[in-house]
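Q: What follows is my_file-v3.json; its format and atoms are JSON, C-alpha atoms (C1' of nucleotides).
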[["chain", "number", "residue", "atom", "x", "y", "z"],
["Y", 161, "MET", "CA", 77.46, 71.59, 97.64],
["Y", 162, "SER", "CA", 76.56, 68.31, 95.94],
["Y", 163, "LYS", "CA", 79.88, 66.92, 94.87],
["Y", 164, "GLN", "CA", 80.79, 64.89, 97.91],
["Y", 165, "GLU", "CA", 78.47, 61.94, 97.50],
["Y", 166, "GLU", "CA", 79.78, 61.03, 94.09],
["Y", 167, "LEU", "CA", 83.45, 61.32, 95.00],
["Y", 168, "CYS", "CA", 83.36, 58.64, 97.68],
["Y", 169, "CYS", "CA", 85.96, 55.98, 97.90],
["Y", 170, "SER", "CA", 86.12, 53.14, 95.38],
["Y", 171, "PRO", "CA", 89.67, 51.92, 94.74],
["Y", 172, "VAL", "CA", 90.07, 53.68, 91.45],
["Y", 173, "LEU", "CA", 93.53, 52.38, 90.78],
["Y", 174, "ARG", "CA", 92.32, 48.78, 90.64],
["Y", 175, "GLU", "CA", 89.91, 49.27, 87.76],
["Y", 176, "PRO", "CA", 89.75, 51.62, 84.76],
["Y", 177, "MET", "CA", 88.15, 54.95, 85.60],
["Y", 178, "SER", "CA", 85.18, 56.24, 83.66],
["Y", 179, "ALA", "CA", 85.49, 59.52, 81.80],
["Y", 180, "GLU", "CA", 82.81, 61.13, 83.98],
["Y", 181, "ARG", "CA", 84.44, 60.16, 87.23],
["Y", 182, "SER", "CA", 87.85, 61.29, 86.03],
["Y", 183, "VAL", "CA", 86.41, 64.75, 85.41],
["Y", 184, "GLU", "CA", 84.97, 64.97, 88.94],
["Y", 185, "LEU", "CA", 88.16, 63.78, 90.59],
["Y", 186, "ALA", "CA", 90.41, 65.89, 88.41],
["Y", 187, "ARG", "CA", 88.52, 68.98, 89.55],
["Y", 188, "VAL", "CA", 89.65, 68.37, 93.12],
["Y", 189, "PHE", "CA", 93.21, 67.46, 92.23],
["Y", 190, "LYS", "CA", 93.54, 70.45, 89.95],
["Y", 191, "ALA", "CA", 92.36, 72.70, 92.77],
["Y", 192, "ILE", "CA", 95.19, 71.55, 95.04],
["Y", 193, "GLY", "CA", 97.63, 71.31, 92.13],
["Y", 194, "GLU", "CA", 98.68, 74.91, 92.65],
["Y", 195, "PRO", "CA", 101.32, 75.96, 95.19],
["Y", 196, "VAL", "CA", 99.40, 78.92, 96.60],
["Y", 197, "ARG", "CA", 96.23, 76.88, 97.06],
["Y", 198, "LEU", "CA", 98.13, 74.03, 98.71],
["Y", 199, "ARG", "CA", 99.65, 76.47, 101.19],
["Y", 200, "LEU", "CA", 96.28, 78.09, 101.80],
["Y", 201, "LEU", "CA", 94.86, 74.66, 102.53],
["Y", 202, "SER", "CA", 97.63, 73.78, 104.97],
["Y", 203, "LEU", "CA", 97.34, 77.19, 106.64],
["Y", 204, "ILE", "CA", 93.62, 76.74, 107.19],
["Y", 205, "ALA", "CA", 93.92, 73.13, 108.31],
["Y", 206, "SER", "CA", 96.71, 73.82, 110.77],
["Y", 207, "HIS", "CA", 95.28, 77.06, 112.15],
["Y", 208, "ALA", "CA", 94.06, 77.16, 115.74],
["Y", 209, "GLY", "CA", 90.47, 75.97, 115.94],
["Y", 210, "GLY", "CA", 90.63, 74.44, 112.47],
["Y", 211, "GLU", "CA", 89.56, 77.64, 110.82],
["Y", 212, "ALA", "CA", 91.11, 80.90, 109.65],
["Y", 213, "CYS", "CA", 89.79, 84.20, 108.38],
["Y", 214, "VAL", "CA", 91.05, 85.66, 105.14],
["Y", 215, "CYS", "CA", 92.99, 88.27, 107.04],
["Y", 216, "ASP", "CA", 95.05, 85.45, 108.59],
["Y", 217, "LEU", "CA", 95.89, 84.15, 105.12],
["Y", 218, "THR", "CA", 96.72, 87.19, 103.01],
["Y", 219, "GLY", "CA", 99.64, 88.10, 105.27],
["Y", 220, "ALA", "CA", 101.40, 84.83, 104.46],
["Y", 221, "PHE", "CA", 101.73, 85.66, 100.76],
["Y", 222, "GLU", "CA", 103.08, 88.47, 98.67],
["Y", 223, "LEU", "CA", 99.92, 88.46, 96.64],
["Y", 224, "SER", "CA", 97.04, 90.88, 96.30],
["Y", 225, "GLY", "CA", 93.77, 90.39, 98.14],
["Y", 226, "PRO", "CA", 91.81, 89.60, 94.98],
["Y", 227, "THR", "CA", 94.25, 86.86, 94.08],
["Y", 228, "ILE", "CA", 93.90, 85.17, 97.48],
["Y", 229, "SER", "CA", 90.14, 85.51, 97.20],
["Y", 230, "HIS", "CA", 90.23, 83.88, 93.79],
["Y", 231, "HIS", "CA", 92.18, 80.88, 95.07],
["Y", 232, "LEU", "CA", 89.84, 80.49, 98.04],
["Y", 233, "LYS", "CA", 86.94, 80.46, 95.61],
["Y", 234, "VAL", "CA", 88.53, 77.66, 93.58],
["Y", 235, "LEU", "CA", 89.06, 75.59, 96.73],
["Y", 236, "ARG", "CA", 85.51, 76.34, 97.82],
["Y", 237, "GLU", "CA", 83.94, 75.34, 94.50],
["Y", 238, "ALA", "CA", 85.94, 72.10, 94.53],
["Y", 239, "GLY", "CA", 84.34, 71.25, 97.87],
["Y", 240, "ILE", "CA", 87.67, 71.29, 99.70],
["Y", 241, "ILE", "CA", 86.94, 74.16, 102.05],
["Y", 242, "GLU", "CA", 83.88, 76.08, 103.19],
["Y", 243, "GLY", "CA", 83.49, 79.62, 104.46],
["Y", 244, "GLU", "CA", 81.20, 81.16, 107.02],
["Y", 245, "ARG", "CA", 80.69, 84.82, 107.74],
["Y", 246, "ARG", "CA", 80.65, 85.81, 111.40],
["Y", 247, "GLY", "CA", 80.32, 89.55, 111.76],
["Y", 248, "THR", "CA", 83.03, 91.35, 109.90],
["Y", 249, "TRP", "CA", 85.17, 88.33, 109.09],
["Y", 250, "ILE", "CA", 84.71, 85.24, 106.96],
["Y", 251, "TYR", "CA", 86.14, 82.06, 108.43],
["Y", 252, "TYR", "CA", 87.27, 79.17, 106.24],
["Y", 253, "ARG", "CA", 87.61, 75.57, 107.35],
["Y", 254, "VAL", "CA", 88.58, 72.31, 105.64],
["Y", 255, "ARG", "CA", 85.96, 69.77, 104.61],
["Y", 256, "PRO", "CA", 87.73, 66.53, 105.57],
["Y", 257, "GLU", "CA", 85.26, 64.32, 103.68],
["Y", 258, "THR", "CA", 86.53, 65.60, 100.36],
["Y", 259, "LEU", "CA", 90.16, 65.19, 101.28],
["Y", 260, "SER", "CA", 89.83, 61.68, 102.62],
["Y", 261, "ALA", "CA", 87.78, 60.69, 99.57],
["Y", 262, "VAL", "CA", 90.41, 61.74, 97.05],
["Y", 263, "SER", "CA", 93.21, 60.53, 99.29],
["Y", 264, "SER", "CA", 91.79, 57.02, 99.31],
["Y", 265, "VAL", "CA", 91.57, 57.12, 95.55],
["Y", 266, "LEU", "CA", 95.32, 57.53, 95.32],
["Y", 267, "THR", "CA", 96.17, 54.62, 97.60],
["Y", 268, "PRO", "CA", 97.98, 52.09, 95.37],
["Y", 269, "ALA", "CA", 96.75, 48.53, 95.16],
["Y", 270, "GLU", "CA", 99.85, 47.20, 96.94],
["Y", 271, "VAL", "CA", 99.14, 49.26, 100.02],
["Y", 272, "LEU", "CA", 95.54, 48.12, 100.15],
["Y", 273, "ALA", "CA", 96.48, 44.47, 99.88],
["A", 1345, "MET", "CA", 114.31, 60.60, 89.33],
["A", 1346, "SER", "CA", 115.19, 62.46, 92.49],
["A", 1347, "LYS", "CA", 111.87, 63.86, 93.62],
["A", 1348, "GLN", "CA", 110.69, 61.03, 95.81],
["A", 1349, "GLU", "CA", 112.90, 61.55, 98.82],
["A", 1350, "GLU", "CA", 111.71, 65.09, 99.37],
["A", 1351, "LEU", "CA", 108.03, 64.33, 98.92],
["A", 1352, "CYS", "CA", 107.90, 61.84, 101.79],
["A", 1353, "CYS", "CA", 105.18, 61.92, 104.33],
["A", 1354, "SER", "CA", 105.06, 64.62, 106.97],
["A", 1355, "PRO", "CA", 101.49, 65.50, 108.00],
["A", 1356, "VAL", "CA", 101.30, 68.61, 105.92],
["A", 1357, "LEU", "CA", 97.83, 69.54, 107.02],
["A", 1358, "ARG", "CA", 98.90, 69.86, 110.64],
["A", 1359, "GLU", "CA", 101.47, 72.58, 110.07],
["A", 1360, "PRO", "CA", 101.88, 75.39, 107.54],
["A", 1361, "MET", "CA", 103.58, 74.25, 104.36],
["A", 1362, "SER", "CA", 106.69, 75.94, 103.09],
["A", 1363, "ALA", "CA", 106.61, 77.60, 99.69],
["A", 1364, "GLU", "CA", 109.24, 75.19, 98.34],
["A", 1365, "ARG", "CA", 107.39, 72.09, 99.47],
["A", 1366, "SER", "CA", 104.12, 73.39, 98.09],
["A", 1367, "VAL", "CA", 105.73, 73.70, 94.66],
["A", 1368, "GLU", "CA", 107.00, 70.11, 94.75],
["A", 1369, "LEU", "CA", 103.68, 68.68, 95.89],
["A", 1370, "ALA", "CA", 101.63, 70.82, 93.53],
["A", 1371, "ARG", "CA", 103.61, 69.41, 90.62],
["A", 1372, "VAL", "CA", 102.28, 65.94, 91.40],
["A", 1373, "PHE", "CA", 98.71, 67.03, 92.07],
["A", 1374, "LYS", "CA", 98.63, 69.14, 88.94],
["A", 1375, "ALA", "CA", 99.78, 66.13, 86.93],
["A", 1376, "ILE", "CA", 96.80, 64.08, 88.09],
["A", 1377, "GLY", "CA", 94.49, 67.10, 88.02],
["A", 1378, "GLU", "CA", 93.60, 66.40, 84.41],
["A", 1379, "PRO", "CA", 90.90, 63.90, 83.41],
["A", 1380, "VAL", "CA", 92.89, 62.21, 80.65],
["A", 1381, "ARG", "CA", 95.93, 61.74, 82.87],
["A", 1382, "LEU", "CA", 93.83, 60.39, 85.72],
["A", 1383, "ARG", "CA", 92.32, 57.82, 83.39],
["A", 1384, "LEU", "CA", 95.73, 56.94, 81.98],
["A", 1385, "LEU", "CA", 96.94, 56.38, 85.51],
["A", 1386, "SER", "CA", 94.03, 54.13, 86.40],
["A", 1387, "LEU", "CA", 94.39, 52.22, 83.14],
["A", 1388, "ILE", "CA", 98.06, 51.54, 83.80],
["A", 1389, "ALA", "CA", 97.54, 50.66, 87.46],
["A", 1390, "SER", "CA", 94.68, 48.29, 86.78],
["A", 1391, "HIS", "CA", 96.19, 46.65, 83.71],
["A", 1392, "ALA", "CA", 97.22, 43.03, 83.90],
["A", 1393, "GLY", "CA", 100.73, 42.72, 85.29],
["A", 1394, "GLY", "CA", 100.69, 46.29, 86.58],
["A", 1395, "GLU", "CA", 102.00, 47.67, 83.33],
["A", 1396, "ALA", "CA", 100.67, 48.70, 79.93],
["A", 1397, "CYS", "CA", 102.20, 49.71, 76.63],
["A", 1398, "VAL", "CA", 101.17, 52.91, 74.89],
["A", 1399, "CYS", "CA", 99.28, 50.88, 72.31],
["A", 1400, "ASP", "CA", 97.02, 49.62, 75.11],
["A", 1401, "LEU", "CA", 96.27, 53.18, 76.15],
["A", 1402, "THR", "CA", 95.66, 55.11, 72.95],
["A", 1403, "GLY", "CA", 92.69, 52.94, 72.05],
["A", 1404, "ALA", "CA", 90.81, 54.02, 75.17],
["A", 1405, "PHE", "CA", 90.71, 57.68, 74.08],
["A", 1406, "GLU", "CA", 89.58, 59.63, 71.08],
["A", 1407, "LEU", "CA", 92.85, 61.52, 71.10],
["A", 1408, "SER", "CA", 95.82, 61.53, 68.81],
["A", 1409, "GLY", "CA", 98.97, 59.58, 69.58],
["A", 1410, "PRO", "CA", 101.07, 62.67, 70.25],
["A", 1411, "THR", "CA", 98.54, 63.91, 72.80],
["A", 1412, "ILE", "CA", 98.65, 60.64, 74.73],
["A", 1413, "SER", "CA", 102.42, 60.70, 74.57],
["A", 1414, "HIS", "CA", 102.41, 64.22, 75.95],
["A", 1415, "HIS", "CA", 100.27, 63.26, 78.94],
["A", 1416, "LEU", "CA", 102.44, 60.22, 79.64],
["A", 1417, "LYS", "CA", 105.45, 62.51, 79.66],
["A", 1418, "VAL", "CA", 103.83, 64.79, 82.23],
["A", 1419, "LEU", "CA", 103.04, 61.83, 84.47],
["A", 1420, "ARG", "CA", 106.58, 60.51, 84.00],
["A", 1421, "GLU", "CA", 108.23, 63.83, 84.84],
["A", 1422, "ALA", "CA", 106.09, 64.11, 87.96],
["A", 1423, "GLY", "CA", 107.48, 60.77, 89.12],
["A", 1424, "ILE", "CA", 104.08, 59.10, 89.05],
["A", 1425, "ILE", "CA", 104.85, 56.51, 86.37],
["A", 1426, "GLU", "CA", 107.93, 55.10, 84.71],
["A", 1427, "GLY", "CA", 108.44, 53.58, 81.29],
["A", 1428, "GLU", "CA", 110.67, 50.81, 80.04],
["A", 1429, "ARG", "CA", 111.32, 49.87, 76.45],
["A", 1430, "ARG", "CA", 111.24, 46.18, 75.64],
["A", 1431, "GLY", "CA", 111.72, 45.63, 71.94],
["A", 1432, "THR", "CA", 109.18, 47.56, 69.93],
["A", 1433, "TRP", "CA", 106.94, 48.59, 72.81],
["A", 1434, "ILE", "CA", 107.38, 50.82, 75.82],
["A", 1435, "TYR", "CA", 105.72, 49.59, 78.99],
["A", 1436, "TYR", "CA", 104.57, 52.00, 81.65],
["A", 1437, "ARG", "CA", 103.98, 51.17, 85.29],
["A", 1438, "VAL", "CA", 102.96, 53.13, 88.36],
["A", 1439, "ARG", "CA", 105.46, 54.22, 90.98],
["A", 1440, "PRO", "CA", 103.51, 53.56, 94.17],
["A", 1441, "GLU", "CA", 105.95, 55.47, 96.37],
["A", 1442, "THR", "CA", 104.91, 58.76, 94.82],
["A", 1443, "LEU", "CA", 101.22, 58.03, 95.10],
["A", 1444, "SER", "CA", 101.33, 56.93, 98.71],
["A", 1445, "ALA", "CA", 103.46, 59.95, 99.58],
["A", 1446, "VAL", "CA", 101.01, 62.51, 98.23],
["A", 1447, "SER", "CA", 98.07, 60.48, 99.45],
["A", 1448, "SER", "CA", 99.30, 60.63, 103.02],
["A", 1449, "VAL", "CA", 99.72, 64.37, 102.68],
["A", 1450, "LEU", "CA", 96.02, 64.74, 102.09],
["A", 1451, "THR", "CA", 94.94, 62.75, 105.13],
["A", 1452, "PRO", "CA", 93.11, 65.21, 107.39],
["A", 1453, "ALA", "CA", 94.19, 65.66, 110.99],
["A", 1454, "GLU", "CA", 90.96, 64.14, 112.31],
["A", 1455, "VAL", "CA", 91.62, 60.87, 110.50],
["A", 1456, "LEU", "CA", 95.15, 60.67, 111.83],
["A", 1457, "ALA", "CA", 94.04, 61.25, 115.40],
["K", 1344, "DT", "C1'", 118.98, 48.40, 52.17],
["K", 1345, "DC", "C1'", 114.01, 49.79, 52.46],
["K", 1346, "DC", "C1'", 109.60, 49.45, 54.58],
["K", 1347, "DT", "C1'", 106.36, 49.19, 58.37],
["K", 1348, "DT", "C1'", 104.89, 49.87, 62.99],
["K", 1349, "DG", "C1'", 105.26, 52.14, 67.50],
["K", 1350, "DT", "C1'", 106.42, 56.29, 69.96],
["K", 1351, "DT", "C1'", 108.22, 60.88, 70.74],
["K", 1352, "DT", "C1'", 109.41, 65.61, 69.39],
["K", 1353, "DT", "C1'", 108.47, 69.90, 66.95],
["K", 1354, "DG", "C1'", 105.77, 73.83, 65.73],
["K", 1355, "DA", "C1'", 101.48, 76.14, 65.71],
["K", 1356, "DT", "C1'", 96.90, 77.37, 67.53],
["K", 1357, "DG", "C1'", 93.20, 78.16, 70.66],
["K", 1358, "DT", "C1'", 91.80, 77.96, 75.34],
["K", 1359, "DG", "C1'", 92.49, 78.14, 80.34],
["K", 1360, "DC", "C1'", 94.32, 80.24, 84.32],
["K", 1361, "DG", "C1'", 97.12, 83.23, 87.73],
["K", 1362, "DT", "C1'", 97.64, 87.87, 88.56],
["K", 1363, "DC", "C1'", 96.47, 92.66, 89.25],
["K", 1364, "DG", "C1'", 93.87, 97.31, 89.80],
["K", 1365, "DA", "C1'", 89.46, 99.14, 90.20],
["K", 1366, "DA", "C1'", 84.98, 98.76, 91.52],
["K", 1367, "DG", "C1'", 81.34, 96.70, 94.30],
["K", 1368, "DC", "C1'", 79.25, 94.70, 98.46],
["K", 1369, "DA", "C1'", 78.72, 93.51, 103.57],
["K", 1370, "DG", "C1'", 79.10, 94.78, 108.22],
["K", 1371, "DC", "C1'", 80.16, 97.96, 111.93],
["K", 1372, "DA", "C1'", 80.69, 102.43, 114.25],
["K", 1373, "DA", "C1'", 80.22, 107.22, 114.58],
["L", 950, "DT", "C1'", 73.73, 109.25, 106.88],
["L", 951, "DT", "C1'", 78.81, 108.98, 106.17],
["L", 952, "DG", "C1'", 82.92, 106.68, 106.56],
["L", 953, "DC", "C1'", 85.94, 102.74, 107.31],
["L", 954, "DT", "C1'", 87.49, 97.93, 106.98],
["L", 955, "DG", "C1'", 87.21, 93.14, 105.21],
["L", 956, "DC", "C1'", 86.34, 90.53, 101.35],
["L", 957, "DT", "C1'", 84.63, 89.49, 96.65],
["L", 958, "DT", "C1'", 83.63, 90.36, 91.78],
["L", 959, "DC", "C1'", 84.84, 92.47, 87.32],
["L", 960, "DG", "C1'", 87.76, 93.32, 83.37],
["L", 961, "DA", "C1'", 92.03, 92.87, 81.34],
["L", 962, "DC", "C1'", 96.74, 91.12, 80.53],
["L", 963, "DG", "C1'", 100.22, 87.63, 79.80],
["L", 964, "DC", "C1'", 101.71, 83.14, 80.27],
["L", 965, "DA", "C1'", 100.92, 78.14, 80.57],
["L", 966, "DC", "C1'", 98.86, 74.22, 78.62],
["L", 967, "DA", "C1'", 95.92, 70.73, 75.82],
["L", 968, "DT", "C1'", 95.56, 69.55, 71.27],
["L", 969, "DC", "C1'", 96.75, 68.49, 66.56],
["L", 970, "DA", "C1'", 99.42, 67.59, 62.02],
["L", 971, "DA", "C1'", 103.80, 66.78, 60.41],
["L", 972, "DA", "C1'", 108.30, 65.35, 61.04],
["L", 973, "DA", "C1'", 111.71, 62.64, 63.42],
["L", 974, "DC", "C1'", 113.30, 58.69, 65.82],
["L", 975, "DA", "C1'", 113.58, 53.61, 67.28],
["L", 976, "DA", "C1'", 113.18, 48.75, 66.47],
["L", 977, "DG", "C1'", 112.13, 44.81, 63.78],
["L", 978, "DG", "C1'", 111.25, 42.36, 59.33],
["L", 979, "DA", "C1'", 111.70, 41.64, 54.28]]
Would you give me this structure, written as structure tokens?
A:
Amino acid sequence: MSKQEELCCSPVLREPMSAERSVELARVFKAIGEPVRLRLLSLIASHAGGEACVCDLTGAFELSGPTISHHLKVLREAGIIEGERRGTWIYYRVRPETLSAVSSVLTPAEVLA
Amino acid sequence: MSKQEELCCSPVLREPMSAERSVELARVFKAIGEPVRLRLLSLIASHAGGEACVCDLTGAFELSGPTISHHLKVLREAGIIEGERRGTWIYYRVRPETLSAVSSVLTPAEVLA
DNA sequence: TCCTTGTTTTGATGTGCGTCGAAGCAGCAA
DNA sequence: TTGCTGCTTCGACGCACATCAAAACAAGGA
């Protein structure tokens, strides 16, 4: 994925954001701006070993398999998680670079000072 | 607004998130998961004095007044900004509590350690 | 009072997205 | 090969949302 480099960590809230950058950042925020995806993210991040297979995740929701798969795809395409197939199962893990990048963007000027 | 207390700052990515909490947090992330609203936020935060009137904001976009007003309402109802009328103009400013709360949620476990 | 300017609300329209069932694909074991 | 399980893609449905024009509302000035 090639989105990480551009996200990086300038203090966006201290200067006006360009339209292009707002589109990139909004993609990440929109991905986690959905309750199911937020819970998926926290389930993966807090799972033993820092990774979880889809079978660990579907049980936590009253949703169909395709729906869970769809949400995982959105998180994956936003660069927030990544999946790896090992034998029968696919294991997902968090990409902390993306999270820390967008997290730093939100830090208000007062906190930075 | 009464949303701030509940948002607070437990390390969400270290333990599974409850469905209720995911809904509260997703509301904030969804609000900033839109390019126009992200830019509005950065314009307000970086404006002189930490606040900006709507007339300062509409000029930065090729969007109608009602559309800008709509996005400001979404940000306001998410607890991210607040507005105050002084005479003819309404001034908006960022509520840093909300931003730092959701920002800390995103901090990955590795960074906290 | 009326008029003007600034801002929000209303109503309508087109697009985006969450959800599902069904079908498809990948890997493993008989 | 056949069958089974885990996961994803496809196609469709219904609702949510971004956008606009028009109307309504708020405040100040003539």
Q: What gap, in Å, lies between CA of Trp249 in chain Y and CA of His231 in chain Y?
A: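 So the two atoms, CA of Trp249 in chain Y and CA of His231 in chain Y, lie 17.4 Å apart.
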Q: Give the padded box for range 1357-1374 of chain A as AutoDock Vina command-line options: axis-aligned, covering all atoms listed in the file, 4 Å on each side, centre and edge lengths in Å to one decimal.
A:
--center_x 103.5 --center_y 71.8 --center_z 99.8 --size_x 19.4 --size_y 19.7 --size_z 29.7
Q: Show me which bits of chain A are within 9 Å of chain K, counting only C-alpha atoms (C1' of nucleotides), as a VMD selection string.
A: chain A and resid 1398 to 1399 1409 to 1410 1413 to 1414 1432 to 1434
Q: Check which residues of chain A sit at most 8 Å from chain L using all atoms listed in the file, and return one row each with the closest pair of atoms and their distance in Å to one decimal, ordered by chain and rising number, as CSV.
A:
residue,atom,partner,partner_atom,distance
A:Ser1408,CA,L:DC969,C1',7.4
A:Thr1411,CA,L:DT968,C1',6.6
A:Gly1431,CA,L:DA976,C1',6.5
A:Thr1432,CA,L:DA976,C1',5.4
Q: Pick out the closest residue to Leu1382 in chain A from this set: A:Val1418, A:Gly1403, A:Leu1450, A:Glu1441. Count all atoms listed in the file.
A: A:Val1418
Q: Give me the residues of chain Y that have any atom at most 7 Å from an atom of chain A; for each, the nearest atom pair and the distance in Å, rounded to one decimal. Use all atoms listed in the file, sort by chain and number, and format it as CSV.
A:
residue,atom,partner,partner_atom,distance
Y:Val172,CA,A:Ser1386,CA,6.4
Y:Leu173,CA,A:Ser1386,CA,4.7
Y:Arg174,CA,A:Ser1390,CA,4.6
Y:Glu175,CA,A:Ser1390,CA,5.0
Y:Pro176,CA,A:Leu1387,CA,5.0
Y:Met177,CA,A:Arg1383,CA,5.5
Y:Ser182,CA,A:Pro1379,CA,4.8
Y:Val183,CA,A:Pro1379,CA,5.0
Y:Ala186,CA,A:Gly1377,CA,4.3
Y:Arg187,CA,A:Gly1377,CA,6.4
Y:Phe189,CA,A:Gly1377,CA,4.4
Y:Lys190,CA,A:Gly1377,CA,4.0
Y:Ile192,CA,A:Phe1373,CA,6.5
Y:Gly193,CA,A:Lys1374,CA,4.0
Y:Glu194,CA,A:Ala1370,CA,5.1
Y:Pro195,CA,A:Ser1366,CA,4.8
Y:Leu198,CA,A:Ser1366,CA,6.1
Y:Arg199,CA,A:Met1361,CA,5.5
Y:Ser202,CA,A:Leu1357,CA,4.7
Y:Leu203,CA,A:Pro1360,CA,5.0
Y:Ala205,CA,A:Leu1357,CA,5.5
Y:Ser206,CA,A:Arg1358,CA,4.5
Y:Pro256,CA,A:Pro1452,CA,5.8
Y:Leu259,CA,A:Leu1450,CA,5.9
Y:Ser260,CA,A:Thr1451,CA,5.8
Y:Ser263,CA,A:Ser1447,CA,4.9
Y:Leu266,CA,A:Ser1447,CA,5.8
Y:Thr267,CA,A:Ser1444,CA,5.8
Y:Pro268,CA,A:Pro1440,CA,5.8
Q: What separation in Å, quoted to one decimal, exists between CA of Glu1395 in chain A and CA of Tyr1435 in chain A?
A: 6.0 Å
Q: Please, what distance in Å, to one decimal, runs between CA of Ile241 in chain Y and CA of Arg253 in chain Y?
A: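 A separation of 5.5 Å between them.
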